[in-house]
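Undergrad: Once you've had a glance at the structure underneath, I'll fire off some questions.
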Amino acid sequence: MSNATPGTDPLASNPLTRAVLEIDEYASGLGWDQPARLFALVDTTRLRAEEPGLASQLGLDEGGEEIASLTPIEQDELPSGAPLDEFLATIAWPDAVTGCALTVERQMLPPSAEGSVPKGLADAELAKWVAEHPDRQEVRMTVAVLRDGTRESALRLREKDSPTEVLTGAGLVPGLADALSATFATD
């Protein structure tokens, strides 16, 4: 994954927002119809100090302009066929991981279509109904959380696939943010 240049988006002054936009840009470069991708978020300064070889491999060598203070590191491919919430429930991060992020594509309907959703559909039936709806939109969601509970999200519609059309906000995908936060829960 390449690292975005800091300051390319003046609205992204928050390190978590910069990390989310960097992941969104990376996912955008891969195109659509991609599997979900999971990322560990690590403190860049700590990564340089504790893992200089990895930092060098990621292009985070010292001496250049200071980059985002969080470095996203893509994890192994998620298992296919496993429900995302069940998979996330199996994750436990080491202490060196400051946060995590997930990018996933889904289909959604505009609020105007909510009243026409048939009652009593099973999950598979509902997904089929949404997939066949003429007003459906494909969206890529990138959601990140930190151990302290801070959240950020980026949404990109397939029909408006442009870096200037990415919507960001902390509360855009609360259910997914909750699931990611639970990966940091301690028993």
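By order of appearance in the structure tokens: chains A, B, ..., then residues from 1 within every chain, and ligands from 1 in the order shown.
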According to DSSP computed on the backbone, where in region 11-92 of chain A is there strand (DSSP E or B)? Give the residues as an mmCIF file with C-alpha atoms, in the first residue's frame.

TA:
```
data_model
loop_
_atom_site.group_PDB
_atom_site.id
_atom_site.type_symbol
_atom_site.label_atom_id
_atom_site.label_comp_id
_atom_site.auth_asym_id
_atom_site.auth_seq_id
_atom_site.Cartn_x
_atom_site.Cartn_y
_atom_site.Cartn_z
ATOM 1 C CA ARG A 37 -9.891 -5.633 3.444
ATOM 2 C CA LEU A 38 -8.738 -5.313 7.041
ATOM 3 C CA PHE A 39 -5.974 -2.975 8.215
ATOM 4 C CA ALA A 40 -4.066 -2.562 11.444
ATOM 5 C CA LEU A 41 -3.364 1.087 12.289
ATOM 6 C CA VAL A 42 -0.028 1.649 13.985
ATOM 7 C CA ASP A 43 1.714 4.739 15.299
ATOM 8 C CA LEU A 70 -0.990 6.484 11.721
ATOM 9 C CA THR A 71 0.232 3.902 9.232
ATOM 10 C CA PRO A 72 -2.317 1.448 7.809
ATOM 11 C CA ILE A 73 -0.946 -2.086 7.350
ATOM 12 C CA GLU A 74 -3.118 -4.425 5.330
#
```

Undergrad: Considering only C-alpha atoms, can you say which of A:Ala27, A:Met108, A:Cys100, A:Ala144 comes closest to Trp129 (chain A)?

TA: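 Going through A:Ala27, A:Met108, A:Cys100, A:Ala144 one by one, the smallest distance to Trp129 (chain A) is for A:Met108.
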
Undergrad: So, with only C-alpha atoms as the atoms that count, which of A:Leu78, A:Ala182, A:Leu126, A:Ala154 lies closest to Gly169 (chain A)?

TA: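 Smallest separation from Gly169 (chain A) among the options: A:Ala154.
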
Undergrad: Interatomic distance between CA of Ala101 (chain A) and CA of Ala127 (chain A)?

TA: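 So the answer is 24.0 Å.
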
Undergrad: Please list as a CSV table (one decimal) with N, CA, C and O atoms, in the first residue's frame every residue within 9 Å of Asp135 (chain A), counting only C-alpha atoms and excluding residues in the same chain fewer than 6 positions away.

TA:
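Printed below is selection.csv as written:
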```csv
chain,number,residue,atom,x,y,z
A,108,MET,N,-26.8,-0.3,-1.2
A,108,MET,CA,-27.7,0.4,-0.3
A,108,MET,C,-28.8,1.0,-1.1
A,108,MET,O,-28.7,1.2,-2.3
A,109,LEU,N,-29.9,1.3,-0.4
A,109,LEU,CA,-31.0,2.0,-1.0
A,109,LEU,C,-31.1,3.4,-0.4
A,109,LEU,O,-30.7,3.7,0.8
A,110,PRO,N,-31.6,4.4,-1.2
A,110,PRO,CA,-31.8,5.7,-0.7
A,110,PRO,C,-32.9,5.7,0.4
A,110,PRO,O,-33.8,4.8,0.4
A,113,ALA,N,-36.6,4.7,-0.4
A,113,ALA,CA,-37.0,3.3,-0.7
A,113,ALA,C,-37.3,2.5,0.5
A,113,ALA,O,-37.8,1.4,0.5
```

Undergrad: In Å, how far is it from CA of Arg106 (chain A) to CA of Met141 (chain A)?

TA: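 According to the coordinates, CA of Arg106 (chain A) and CA of Met141 (chain A) are separated by 7.7 Å.
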
Undergrad: Compile the contact shell of Arg46 (chain A) as an MDAnalysis selection string: residues with an atom at most 10 Å away, counting only C-alpha atoms, same-chain residues fewer than 6 positions apart removed.

TA: chainID A and resid 52 55 69:70 96

Undergrad: Between CA of Ala177 (chain A) and CA of Val145 (chain A), what is the distance, to one decimal in Å?

TA: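 CA of Ala177 (chain A) sits 6.5 Å away from CA of Val145 (chain A).
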
Undergrad: Go through A:Ser153, A:Gly115, A:Asp148, A:Glu50 and flag the residue nearest Thr168 (chain A), using only C-alpha atoms for the distances.

TA: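 That would be A:Ser153, the residue with the smallest distance to Thr168 (chain A).
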
Undergrad: Closest to Glu77 (chain A) among A:Thr183, A:Gln34, A:Thr44, A:Gln137, using only C-alpha atoms?

TA: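 Nearest candidate to Glu77 (chain A) out of A:Thr183, A:Gln34, A:Thr44, A:Gln137: A:Gln34.
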
Undergrad: Name the closest residue to Leu102 (chain A) among the candidates A:Pro35, A:Gly171, A:Gly53, A:Pro15; distances are taken between atoms, counting only C-alpha atoms.

TA: A:Pro35
